[in-house]
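Participant: Coordinates in coords-v5.cif, mmCIF, C-alpha atoms, are listed below.
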data_upload
loop_
_atom_site.label_atom_id
_atom_site.label_comp_id
_atom_site.auth_asym_id
_atom_site.auth_seq_id
_atom_site.Cartn_x
_atom_site.Cartn_y
_atom_site.Cartn_z
CA MET A 28 -16.63 27.87 -28.73
CA LEU A 29 -17.05 24.23 -29.76
CA ALA A 30 -13.88 24.43 -31.82
CA PHE A 31 -11.99 25.78 -28.82
CA VAL A 32 -13.27 22.93 -26.63
CA ARG A 33 -12.35 20.36 -29.26
CA LYS A 34 -8.90 21.82 -29.73
CA ASN A 35 -8.18 21.89 -26.01
CA GLN A 36 -10.17 18.88 -24.85
CA VAL A 37 -7.16 17.14 -23.27
CA LEU A 38 -6.18 20.25 -21.34
CA LEU A 39 -9.74 20.95 -20.22
CA THR A 40 -10.29 17.34 -19.14
CA SER A 41 -7.01 17.42 -17.22
CA PHE A 42 -8.03 20.54 -15.35
CA PHE A 43 -11.44 19.03 -14.66
CA CYS A 44 -9.80 15.87 -13.21
CA LEU A 45 -7.51 18.03 -11.07
CA LEU A 46 -10.49 19.94 -9.73
CA VAL A 47 -12.39 16.72 -8.99
CA SER A 48 -9.39 15.25 -7.12
CA LEU A 49 -8.95 18.48 -5.15
CA TYR A 50 -12.65 18.41 -4.29
CA MET A 51 -12.30 14.79 -3.10
CA LEU A 52 -9.27 15.69 -1.00
CA THR A 53 -10.97 18.66 0.60
CA ALA A 54 -14.22 16.79 1.21
CA GLY A 55 -12.33 13.75 2.50
CA ALA A 56 -10.22 15.84 4.88
CA ARG A 57 -13.35 17.52 6.25
CA GLY A 58 -15.08 14.15 6.62
CA GLN A 59 -17.80 15.17 4.16
CA LEU A 60 -17.04 12.38 1.68
CA LYS A 61 -19.30 9.72 3.17
CA ASN A 62 -19.73 7.59 0.06
CA ASP A 63 -16.93 6.37 -2.13
CA PRO A 64 -18.65 5.50 -5.44
CA LEU A 65 -15.69 3.89 -7.23
CA GLY A 66 -13.63 2.38 -4.40
CA PRO A 67 -15.81 -0.63 -3.51
CA PRO A 68 -16.34 -1.69 -7.17
CA LEU A 69 -12.59 -1.35 -7.77
CA LEU A 70 -11.78 -3.42 -4.70
CA TRP A 71 -14.40 -5.94 -5.81
CA LEU A 72 -12.76 -6.05 -9.24
CA LEU A 73 -9.25 -6.47 -7.84
CA ARG A 74 -10.09 -8.93 -5.06
CA PRO A 75 -10.18 -12.20 -7.08
CA PHE A 76 -6.95 -11.27 -8.82
CA GLN A 77 -5.31 -10.42 -5.51
CA VAL A 78 -6.45 -13.69 -3.97
CA GLY A 79 -5.06 -15.52 -7.01
CA ALA A 80 -1.85 -13.52 -6.94
CA GLN A 81 -1.46 -14.25 -3.25
CA SER A 82 -1.72 -17.98 -3.98
CA VAL A 83 0.86 -17.68 -6.77
CA THR A 84 3.14 -15.68 -4.47
CA GLY A 85 2.86 -18.37 -1.80
CA TRP A 86 3.59 -21.00 -4.40
CA ALA A 87 6.61 -19.04 -5.64
CA ARG A 88 7.92 -18.69 -2.10
CA ASP A 89 7.48 -22.43 -1.55
CA MET A 90 9.30 -23.11 -4.80
CA GLU A 91 12.11 -20.77 -3.76
CA LYS A 92 12.44 -22.59 -0.46
CA ASN A 93 12.40 -25.96 -2.21
CA PHE A 94 15.06 -24.83 -4.65
CA ALA A 95 17.32 -23.64 -1.85
CA THR A 96 16.88 -26.92 -0.02
CA ALA A 97 17.52 -29.00 -3.12
CA ALA A 98 20.71 -27.07 -3.90
CA SER A 99 22.50 -28.68 -0.97
CA PHE A 100 21.91 -32.14 -2.43
CA ARG A 101 23.37 -31.53 -5.87
CA SER A 102 26.30 -33.81 -5.29
CA GLU A 103 23.93 -36.75 -4.84
CA ASN A 104 22.98 -38.91 -7.83
CA GLU A 105 19.95 -38.10 -9.92
CA ARG A 106 17.65 -40.67 -8.41
CA LEU A 107 18.42 -39.72 -4.84
CA ARG A 108 18.20 -36.08 -5.65
CA LYS A 109 14.80 -36.55 -7.21
CA ARG A 110 13.75 -38.59 -4.22
CA ILE A 111 15.06 -35.97 -1.81
CA GLN A 112 13.38 -33.21 -3.78
CA ASP A 113 10.09 -35.06 -3.59
CA LEU A 114 10.54 -35.59 0.13
CA GLU A 115 11.50 -31.97 0.63
CA VAL A 116 8.44 -30.78 -1.27
CA GLU A 117 6.31 -33.07 0.84
CA ARG A 118 8.09 -32.01 4.02
CA ASN A 119 7.68 -28.32 3.24
CA ARG A 120 4.05 -28.86 2.49
CA LEU A 121 3.57 -30.64 5.80
CA LEU A 122 5.63 -28.07 7.71
CA GLU A 123 3.62 -25.32 6.08
CA ALA A 124 0.41 -27.14 6.98
CA GLU A 125 1.65 -27.62 10.55
CA ALA A 126 2.71 -23.98 10.83
CA THR A 127 -0.64 -22.86 9.42
CA ASN A 128 -2.41 -25.18 11.83
CA GLN A 129 -0.43 -23.75 14.74
CA ARG A 130 -1.10 -20.17 13.65
CA LEU A 131 -4.80 -20.83 13.29
CA GLN A 132 -4.88 -22.63 16.66
CA GLU A 133 -3.22 -19.61 18.30
CA LEU A 134 -5.68 -17.36 16.52
CA LEU A 135 -8.56 -19.51 17.72
CA ASP A 136 -7.28 -19.44 21.32
CA PHE A 137 -6.84 -15.69 21.07
CA ARG A 138 -10.26 -15.30 19.52
CA SER A 139 -11.87 -17.05 22.48
CA GLN A 140 -10.63 -14.14 24.64
CA LEU A 141 -12.31 -11.65 22.33
CA PRO A 142 -15.99 -10.92 21.72
CA SER A 143 -17.98 -13.27 19.54
CA GLY A 144 -18.30 -10.63 16.82
CA SER A 145 -14.63 -10.83 15.85
CA VAL A 146 -13.89 -11.89 12.27
CA THR A 147 -10.95 -13.98 11.05
CA ALA A 148 -9.45 -12.64 7.81
CA THR A 149 -6.47 -13.17 5.54
CA ILE A 150 -4.18 -10.46 4.17
CA ILE A 151 -4.48 -10.56 0.36
CA GLY A 152 -2.66 -7.41 -0.71
CA ASN A 153 -0.35 -4.66 0.38
CA SER A 154 -0.13 -0.93 -0.26
CA ALA A 155 0.38 0.11 -3.87
CA SER A 156 2.23 3.22 -2.75
CA SER A 157 5.45 3.77 -0.80
CA TRP A 158 3.81 6.68 1.00
CA PHE A 159 1.15 4.69 2.82
CA GLN A 160 1.41 1.63 5.04
CA SER A 161 -1.75 -0.35 4.47
CA CYS A 162 -2.99 -3.79 3.50
CA LEU A 163 -6.13 -5.42 2.17
CA LEU A 164 -8.13 -8.16 3.86
CA ASP A 165 -10.25 -10.79 2.15
CA LYS A 166 -13.29 -10.10 4.35
CA GLY A 167 -15.61 -7.13 4.11
CA SER A 168 -18.99 -5.89 5.23
CA ALA A 169 -20.61 -9.20 4.19
CA ALA A 170 -18.57 -10.92 6.94
CA GLY A 171 -19.33 -8.24 9.52
CA VAL A 172 -16.23 -6.07 9.09
CA ARG A 173 -16.94 -2.38 9.65
CA LYS A 174 -14.94 0.82 9.32
CA GLY A 175 -13.06 1.66 12.52
CA MET A 176 -12.67 -1.93 13.77
CA ALA A 177 -9.32 -2.97 15.19
CA VAL A 178 -7.12 -5.50 13.39
CA VAL A 179 -5.08 -7.68 15.73
CA THR A 180 -3.16 -10.95 15.91
CA PRO A 181 -2.16 -13.08 18.89
CA LEU A 182 1.17 -11.20 18.82
CA GLY A 183 -0.47 -7.78 19.13
CA VAL A 184 -1.94 -4.87 17.20
CA LEU A 185 -1.65 -4.62 13.41
CA GLY A 186 -3.86 -1.64 12.53
CA GLN A 187 -7.34 -0.31 11.98
CA VAL A 188 -9.94 -0.79 9.25
CA ILE A 189 -10.33 2.48 7.31
CA ALA A 190 -12.48 1.38 4.37
CA VAL A 191 -14.77 -1.56 3.73
CA SER A 192 -16.36 -3.00 0.63
CA GLU A 193 -18.59 -6.04 0.51
CA HIS A 194 -15.82 -8.62 0.32
CA SER A 195 -12.66 -6.77 1.27
CA ALA A 196 -11.39 -4.21 3.73
CA LYS A 197 -8.51 -1.72 3.75
CA VAL A 198 -6.39 -1.58 6.90
CA LEU A 199 -4.24 1.37 7.94
CA LEU A 200 -1.20 -0.20 9.58
CA LEU A 201 0.21 0.92 12.89
CA THR A 202 3.38 1.92 11.00
CA ASP A 203 1.60 4.49 8.80
CA PRO A 204 2.37 8.13 9.66
CA ASN A 205 -1.36 8.85 9.84
CA SER A 206 -2.17 6.12 12.35
CA GLY A 207 -2.37 6.60 16.10
CA VAL A 208 -2.89 4.14 18.94
CA ASP A 209 -3.36 5.24 22.54
CA VAL A 210 -0.93 3.15 24.63
CA LEU A 211 0.35 2.59 28.14
CA VAL A 212 3.93 1.79 29.03
CA GLN A 213 3.35 -1.49 30.85
CA ARG A 214 6.00 -0.88 33.54
CA THR A 215 5.20 2.70 34.46
CA ARG A 216 1.61 3.13 33.15
CA THR A 217 2.74 6.25 31.27
CA ARG A 218 0.42 7.14 28.41
CA GLY A 219 1.35 8.11 24.87
CA ILE A 220 0.43 7.71 21.23
CA VAL A 221 2.15 5.18 18.98
CA SER A 222 2.28 6.21 15.34
CA GLY A 223 4.35 5.60 12.24
CA SER A 224 6.62 8.16 10.65
CA LEU A 225 8.23 8.32 7.25
CA ASP A 226 11.74 8.90 8.58
CA SER A 227 12.21 7.05 11.88
CA GLY A 228 9.90 4.05 11.69
CA THR A 229 7.37 3.68 14.47
CA ILE A 230 7.49 6.17 17.35
CA LEU A 231 5.90 6.83 20.72
CA LYS A 232 4.74 10.43 20.87
CA TYR A 233 3.74 12.93 23.54
CA VAL A 234 5.69 11.41 26.44
CA LYS A 235 7.07 14.11 28.73
CA ARG A 236 10.81 14.44 29.29
CA SER A 237 10.32 13.75 32.98
CA GLU A 238 8.79 10.29 32.42
CA ASP A 239 10.96 7.24 33.05
CA ILE A 240 11.04 5.28 29.78
CA GLN A 241 13.67 2.63 29.15
CA GLU A 242 14.69 0.51 26.19
CA GLY A 243 12.80 -2.75 26.22
CA ASP A 244 9.69 -1.31 27.88
CA ARG A 245 6.56 -2.99 26.53
CA LEU A 246 3.70 -0.86 25.20
CA ILE A 247 0.12 -2.05 25.50
CA THR A 248 -3.15 -0.59 24.29
CA SER A 249 -4.86 1.63 26.84
CA GLY A 250 -8.37 0.99 25.52
CA VAL A 251 -9.12 4.69 25.87
CA ASP A 252 -9.36 5.35 22.13
CA GLY A 253 -12.39 3.07 21.84
CA VAL A 254 -10.82 1.29 18.87
CA PHE A 255 -8.42 -1.25 20.36
CA PRO A 256 -9.30 -3.53 23.28
CA LYS A 257 -7.25 -2.78 26.39
CA GLY A 258 -4.08 -4.75 27.12
CA LEU A 259 -2.99 -5.82 23.64
CA LEU A 260 0.73 -5.63 22.94
CA VAL A 261 1.64 -2.83 20.52
CA GLY A 262 5.44 -3.04 20.58
CA SER A 263 8.53 -2.43 22.64
CA VAL A 264 10.79 0.59 23.07
CA THR A 265 14.05 0.35 21.12
CA LYS A 266 15.52 3.82 21.57
CA VAL A 267 14.93 6.72 23.95
CA GLN A 268 16.34 10.13 23.19
CA LYS A 269 15.89 13.26 25.28
CA GLN A 270 16.54 16.26 23.07
CA HIS A 271 18.05 19.47 24.41
CA LEU A 272 14.89 21.38 23.58
CA GLY A 273 11.25 20.38 23.57
CA LEU A 274 8.68 19.06 25.97
CA PHE A 275 8.70 15.47 24.84
CA GLN A 276 11.08 12.56 24.46
CA LEU A 277 11.91 10.98 21.10
CA ILE A 278 11.07 7.28 21.50
CA GLU A 279 11.43 4.68 18.77
CA VAL A 280 9.30 1.56 18.92
CA LEU A 281 9.60 -1.92 17.44
CA PRO A 282 6.05 -3.00 16.50
CA ALA A 283 4.95 -6.35 17.92
CA VAL A 284 3.40 -7.37 14.60
CA VAL A 285 5.21 -7.17 11.28
CA SER A 286 2.61 -7.06 8.51
CA SER A 287 4.86 -8.63 5.88
CA ARG A 288 5.16 -11.74 8.05
CA THR A 289 1.47 -11.89 8.95
CA GLU A 290 -1.08 -13.93 7.06
CA GLU A 291 -4.17 -14.32 9.23
CA VAL A 292 -5.65 -11.62 11.46
CA LEU A 293 -8.65 -10.97 13.65
CA VAL A 294 -10.89 -7.98 13.10
CA VAL A 295 -12.29 -6.88 16.43
CA ASN A 296 -14.92 -4.47 17.61
CA ALA A 297 -13.42 -2.76 20.65
CA ASP A 298 -16.78 -1.66 22.04
CA GLU A 299 -17.99 -5.23 22.41
CA SER A 300 -14.59 -6.22 23.73
CA GLN A 301 -14.67 -3.55 26.41
CA ALA A 302 -18.19 -4.60 27.31
CA LYS A 303 -17.02 -8.20 27.75
CA ARG A 304 -14.13 -7.14 29.93
CA MET B 5 -11.38 3.06 -28.33
CA ARG B 6 -10.00 -0.46 -28.30
CA LEU B 7 -6.51 0.86 -27.59
CA SER B 8 -7.87 2.96 -24.69
CA LEU B 9 -9.56 -0.09 -23.16
CA VAL B 10 -6.43 -2.20 -23.55
CA PHE B 11 -4.32 0.54 -21.98
CA PHE B 12 -6.78 0.85 -19.12
CA GLY B 13 -6.67 -2.92 -18.59
CA VAL B 14 -2.86 -2.68 -18.50
CA GLY B 15 -3.17 0.07 -15.90
CA ILE B 16 -5.38 -2.04 -13.64
CA LEU B 17 -2.92 -4.91 -14.08
CA LEU B 18 -0.08 -2.60 -12.98
CA VAL B 19 -2.05 -1.55 -9.87
CA LEU B 20 -2.56 -5.24 -9.13
CA LEU B 21 1.18 -5.89 -9.60
CA GLN B 22 1.98 -3.01 -7.25
CA THR B 23 -0.22 -4.49 -4.54
CA THR B 24 1.15 -8.03 -4.85
CA PHE B 25 4.20 -9.27 -6.75
CA LEU B 26 6.26 -6.07 -6.70
CA HIS B 27 6.38 -6.32 -2.89
CA LEU B 28 8.58 -9.41 -3.39
CA LEU B 29 11.37 -7.25 -4.84
CA PRO B 30 14.17 -6.50 -2.36
CA LEU B 31 13.50 -2.74 -2.31
CA GLY B 32 12.37 -2.32 1.29
CA SER B 33 9.27 -0.17 1.56
CA ILE B 34 9.66 1.25 -1.97
CA VAL B 35 7.10 -0.01 -4.47
CA PRO B 36 8.10 0.49 -8.13
CA ASP B 37 5.61 3.01 -9.51
CA LEU B 38 4.71 1.42 -12.83
CA VAL B 39 1.40 3.30 -12.92
CA LEU B 40 3.39 6.54 -13.07
CA VAL B 41 5.48 5.19 -15.95
CA LEU B 42 2.27 4.30 -17.81
CA CYS B 43 0.84 7.78 -17.23
CA VAL B 44 4.04 9.38 -18.52
CA TYR B 45 3.83 7.14 -21.59
CA TRP B 46 0.25 8.27 -22.14
CA GLY B 47 1.23 11.91 -21.78
CA LEU B 48 3.97 11.50 -24.39
CA HIS B 49 2.58 9.02 -26.88
CA TYR B 50 -1.17 8.81 -26.35
CA PRO B 51 -2.44 12.21 -25.19
CA THR B 52 -6.20 11.73 -25.49
CA VAL B 53 -9.20 12.45 -23.29
CA GLY B 54 -9.35 8.70 -22.58
CA ALA B 55 -5.77 8.85 -21.29
CA VAL B 56 -6.61 11.80 -19.01
CA VAL B 57 -9.59 9.94 -17.55
CA GLY B 58 -7.52 6.75 -17.36
CA THR B 59 -4.80 8.59 -15.42
CA PHE B 60 -7.37 9.94 -12.98
CA VAL B 61 -9.05 6.55 -12.50
CA LEU B 62 -5.71 4.78 -11.99
CA GLY B 63 -4.73 7.36 -9.37
CA TYR B 64 -8.11 6.84 -7.78
CA SER B 65 -7.52 3.06 -7.83
CA VAL B 66 -4.18 3.48 -6.05
CA ASP B 67 -6.01 5.65 -3.50
CA ALA B 68 -8.75 3.04 -3.12
CA VAL B 69 -6.28 0.29 -2.26
CA SER B 70 -3.68 2.31 -0.36
CA SER B 71 -4.29 5.84 0.73
CA ARG B 72 -5.61 7.36 3.91
CA ILE B 73 -7.76 9.82 1.97
CA LEU B 74 -9.16 9.62 -1.53
CA GLY B 75 -7.82 11.82 -4.27
CA ILE B 76 -4.17 12.20 -3.28
CA ASN B 77 -2.74 9.93 -5.98
CA ALA B 78 -5.47 10.94 -8.44
CA PHE B 79 -4.32 14.53 -8.01
CA ALA B 80 -0.60 13.72 -8.20
CA LEU B 81 -0.92 11.57 -11.33
CA SER B 82 -3.18 14.14 -13.01
CA VAL B 83 -0.51 16.78 -12.33
CA VAL B 84 2.13 14.48 -13.82
CA PHE B 85 0.03 13.82 -16.93
CA LEU B 86 -0.63 17.52 -17.43
CA ALA B 87 3.05 18.40 -16.96
CA VAL B 88 4.17 15.71 -19.40
CA TYR B 89 1.46 16.62 -21.91
CA LEU B 90 2.36 20.31 -21.85
CA THR B 91 6.04 19.57 -22.37
CA SER B 92 5.55 16.67 -24.80
CA ARG B 93 5.48 18.94 -27.82
CA SER B 94 9.06 19.95 -27.19
CA ILE B 95 10.38 16.49 -26.31
CA TRP B 96 10.96 13.85 -28.96
CA ILE B 97 11.63 10.57 -27.24
CA HIS B 98 13.22 7.65 -28.98
CA HIS B 99 16.26 6.90 -26.88
CA PRO B 100 15.68 4.76 -23.75
CA ILE B 101 17.88 7.06 -21.65
CA VAL B 102 15.72 10.08 -22.54
CA SER B 103 12.58 8.17 -21.51
CA ALA B 104 14.27 7.29 -18.21
CA ILE B 105 15.12 10.95 -17.62
CA VAL B 106 11.57 12.07 -18.41
CA VAL B 107 10.15 9.46 -16.01
CA LEU B 108 12.69 10.52 -13.37
CA LEU B 109 11.54 14.14 -13.68
CA ALA B 110 7.86 13.10 -13.77
CA SER B 111 8.36 11.05 -10.60
CA LEU B 112 9.91 14.11 -8.93
CA VAL B 113 6.88 16.18 -10.04
CA LYS B 114 4.59 13.51 -8.58
CA GLY B 115 6.62 13.50 -5.36
CA MET B 116 6.30 17.27 -5.06
CA ALA B 117 2.54 17.08 -5.71
CA LEU B 118 2.22 14.42 -3.00
CA VAL B 119 4.26 16.52 -0.57
CA LEU B 120 2.06 19.53 -1.32
CA VAL B 121 -1.18 17.63 -0.71
CA TRP B 122 0.26 15.73 2.27
CA THR B 123 1.34 18.91 4.05
CA VAL B 124 -2.09 20.46 3.52
CA PHE B 125 -4.29 17.50 4.43
CA LEU B 126 -2.29 14.94 6.45
CA SER B 127 0.08 14.58 9.40
CA THR B 128 3.53 16.10 8.77
CA GLU B 129 5.27 14.90 11.91
CA GLY B 130 8.56 13.22 11.05
CA PHE B 131 7.67 13.73 7.42
CA TRP B 132 10.41 15.55 5.59
CA ALA B 133 13.39 13.19 5.83
CA GLY B 134 11.25 10.20 4.92
CA ALA B 135 9.52 12.09 2.12
CA LEU B 136 12.83 13.08 0.55
CA ARG B 137 14.05 9.49 0.73
CA ASN B 138 10.80 8.19 -0.80
CA ILE B 139 10.84 10.74 -3.62
CA VAL B 140 14.44 10.06 -4.61
CA LEU B 141 14.25 6.26 -4.39
CA GLU B 142 10.88 6.06 -6.16
CA ALA B 143 12.14 8.31 -8.94
CA LEU B 144 15.31 6.23 -9.43
CA VAL B 145 13.42 2.91 -9.46
CA ALA B 146 10.76 4.25 -11.85
CA ALA B 147 13.44 5.70 -14.14
CA ALA B 148 15.33 2.41 -14.16
CA LEU B 149 12.21 0.50 -15.19
CA ALA B 150 10.95 3.11 -17.68
CA PRO B 151 12.87 2.01 -20.82
CA LEU B 152 11.61 -1.57 -20.49
CA VAL B 153 8.01 -0.54 -19.78
CA PHE B 154 8.08 2.02 -22.60
CA ALA B 155 9.39 -0.57 -25.04
CA LEU B 156 6.66 -3.05 -24.06
CA LEU B 157 3.92 -0.41 -24.28
CA ARG B 158 5.23 0.88 -27.62
CA ARG B 159 5.30 -2.65 -29.01
CA GLY B 160 1.78 -3.36 -27.71
CA GLN B 161 0.45 -0.09 -29.11
CA ASN B 162 1.98 -0.75 -32.55
CA TYR B 163 0.54 -4.25 -32.59
CA ILE B 164 -2.98 -3.11 -31.70
CA GLU B 165 -2.85 -0.25 -34.22
CA GLN B 166 -1.72 -2.65 -36.95
CA VAL B 167 -4.42 -5.17 -36.08
CA GLY B 168 -7.06 -2.43 -35.95
CA ALA B 169 -5.94 -0.69 -39.15
CA PRO B 170 -7.68 -2.95 -41.76
CA ALA B 171 -10.97 -2.73 -39.87
CA GLN B 172 -10.86 1.06 -40.06
#
Could you take the file, read its structure, and then write that structure out as structure tokens?
Facilitator:
Amino acid sequence: MLAFVRKNQVLLTSFFCLLVSLYMLTAGARGQLKNDPLGPPLLWLLRPFQVGAQSVTGWARDMEKNFATAASFRSENERLRKRIQDLEVERNRLLEAEATNQRLQELLDFRSQLPSGSVTATIIGNSASSWFQSCLLDKGSAAGVRKGMAVVTPLGVLGQVIAVSEHSAKVLLLTDPNSGVDVLVQRTRTRGIVSGSLDSGTILKYVKRSEDIQEGDRLITSGVDGVFPKGLLVGSVTKVQKQHLGLFQLIEVLPAVVSSRTEEVLVVNADESQAKR
Amino acid sequence: MRLSLVFFGVGILLVLLQTTFLHLLPLGSIVPDLVLVLCVYWGLHYPTVGAVVGTFVLGYSVDAVSSRILGINAFALSVVFLAVYLTSRSIWIHHPIVSAIVVLLASLVKGMALVLVWTVFLSTEGFWAGALRNIVLEALVAAALAPLVFALLRRGQNYIEQVGAPAQ
């Protein structure tokens, strides 16, 4: 028996791991997996590296910008070019500081409209898989972030917190196929669900064929789902298609917030927000 | 043991790369799946219990930082490892093109495992066209990177084995 186990230990361990992962999937799908024993320590382990990597990425982007700017001055002599490079570096730094200042000011203004419990956070990482649209924030339960809170920016809705560790949080983006935000078409007050899809980007679902939806219509949160405060911009309609068959229209949506161009966000508790409103 | 720990550290580093720097590559929403390449390497050249557990934990790590539900990548990568391990006895890989083909096939196996789990546990609306695109593009990118990653891992493994040899 022992010899058999030793001979086939790799195979047996593989099957055991497969069974464990299937158990996690089943328990997770049924909502029975309340505690994630390894996730928070892993996120804790990765967080400092991600923060560092984010800084290096920002630095690399700055360097890329500086290089592109300096390229136009190559015909100048060495001294002037050096001088211009220095000035460009300084200018970019100041522009970056000014842009950051403006973003934070907008965030602050926006935050004043939200409940006092909202938390400002920075995006420090993106999804490690092409199959999921998610990102990681640098704030977690220690800062008051909780599972289910809405993640927004002054431009609109970004997503929803789906997992929290002490110092970081995982956000399911609006563009993920498994997300869903209850919305109203601002012009007609028609309700629907905005969700991501793997093939046609972000879509507005469950809108009847008879409803009047036009390209350019703005979609705002309805507040009914209890996650997102009412009235936040979700996106705008880019394409409306009424198929020959089926009850619903096929509506493509351009999200108001693009995660790859977002750095700071607000994490909001909709319940307190609704109470304030 | 030391080699297992180093390999595991490399795996965590690859997860970190996938969440940060690899998003700078102009590949749209496709993230090069270096973790898969590492697991294929383990299945071919380092088939130990440590590698099995490492594969599972790396899949779990990808789930922890990305997935809607836990276990989906842990399952898919475990399937890939098992498939590669079972076929490794009949594959002798030295040529970079062969390693690229094996990684391409392994990525397709992973894609099919993901599709299987996704259709059972998650939303399938608007799924199939996007899934096919993801599977094909991920497989091509992983296959393109495989020879380089294999060469680096092989070199690192040889170095650690040589350094560790006198002590043993």
Participant: Within 8 Å of chain B, which residues of chain A are there when counting only C-alpha atoms? Please give them as number ranges by chain.
Facilitator: A: 36-38, 40-41, 44-45, 48-49, 51-53, 55-56, 66-67, 69-70, 73, 76-77, 80-81, 84, 152-163, 189, 197, 199, 204-205, 224-227
Participant: Name the residues in contact with Arg130 (chain A) at a cut-off of 10 Å, using only C-alpha atoms, excluding same-chain residues fewer than 3 positions from it; report them as a ChimeraX atom specification.
Facilitator: /A:124-127,133-136,180-181,289-292
Participant: Expressed in Å to a single decimal, how great is the separation between CA of Ser82 (chain A) and CA of Ile150 (chain A)?
Facilitator: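 These two atoms are separated by 11.4 Å.
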Participant: Could you name the residues that touch Gln161 (chain B) at 9 Å or less, counting only C-alpha atoms, but leaving out those on the same chain fewer than 4 positions away, as a PDB file with C-alpha atoms, in the coordinates of the input?
Facilitator:
ATOM      1  CA  LEU B   7      -6.510   0.860 -27.590  1.00  0.00           C
ATOM      2  CA  PHE B  11      -4.320   0.540 -21.980  1.00  0.00           C
ATOM      3  CA  LEU B 156       6.660  -3.050 -24.060  1.00  0.00           C
ATOM      4  CA  LEU B 157       3.920  -0.410 -24.280  1.00  0.00           C
ATOM      5  CA  GLU B 165      -2.850  -0.250 -34.220  1.00  0.00           C
ATOM      6  CA  GLN B 166      -1.720  -2.650 -36.950  1.00  0.00           C
TER       7      GLN B 166
END
Participant: For the atom pair CA of Leu274 (chain A) and CA of Val234 (chain A), what is the interatomic distance in Å to one decimal place?
Facilitator: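 Between these atoms lies a distance of 8.2 Å.
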Participant: In Å to one decimal, how far is CA of Val221 (chain A) from CA of Asp203 (chain A)?
Facilitator: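 Taking CA of Asp203 (chain A) and CA of Val221 (chain A), their separation equals 10.2 Å.
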Participant: Pick out the closest residue to Val280 (chain A) from this set: A:Leu200, A:Val261, A:Leu107, A:Val178. Count only C-alpha atoms.
Facilitator: A:Val261
Participant: Given the file shown, enumerate the residues that the PyMOL selection byres ((chain A and resi 241-251) around 7) captures and present them as number ranges by chain.
Facilitator: A: 209-214, 239-240, 252-253, 255-267
Participant: Give the answer as one residue: which of A:Asn128, A:Phe42, A:Pro68, A:Ser168 has the shortest atom-to-atom distance to Val84 (chain B), using all atoms listed in the file?
Facilitator: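 Checking each of A:Asn128, A:Phe42, A:Pro68, A:Ser168 against Val84 (chain B), counting all atoms listed in the file, the winner is A:Phe42.
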Participant: Using the chain letters and numbers from this file, what does the PyMOL selection byres ((chain B and resi 104-111) around 7) select? Give the answer as a list of chain:residue names.
Facilitator: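 For this structure, the PyMOL selection byres ((chain B and resi 104-111) around 7) resolves to B:Val41, B:Val44, B:Val84, B:Pro100, B:Ile101, B:Val102, B:Ser103, B:Leu112, B:Val113, B:Lys114, B:Gly115, B:Ala143, B:Leu144, B:Ala146, B:Ala147, B:Ala148, B:Ala150, B:Pro151.
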Participant: Put the listed atoms of region 263-277 of chain A in a box along x, y and z with 5 Å added on every side and give me the centre and edge lengths in Å to one decimal, as AutoDock Vina command-line options.
Facilitator:
--center_x 13.3 --center_y 9.5 --center_z 23.5 --size_x 19.5 --size_y 33.8 --size_z 14.9
Participant: Written as a ChimeraX atom specification, what is the full residue list that the PyMOL selection byres ((chain A and resi 277) around 6) yields on the file shown?
Facilitator: /A:267-268,276,278
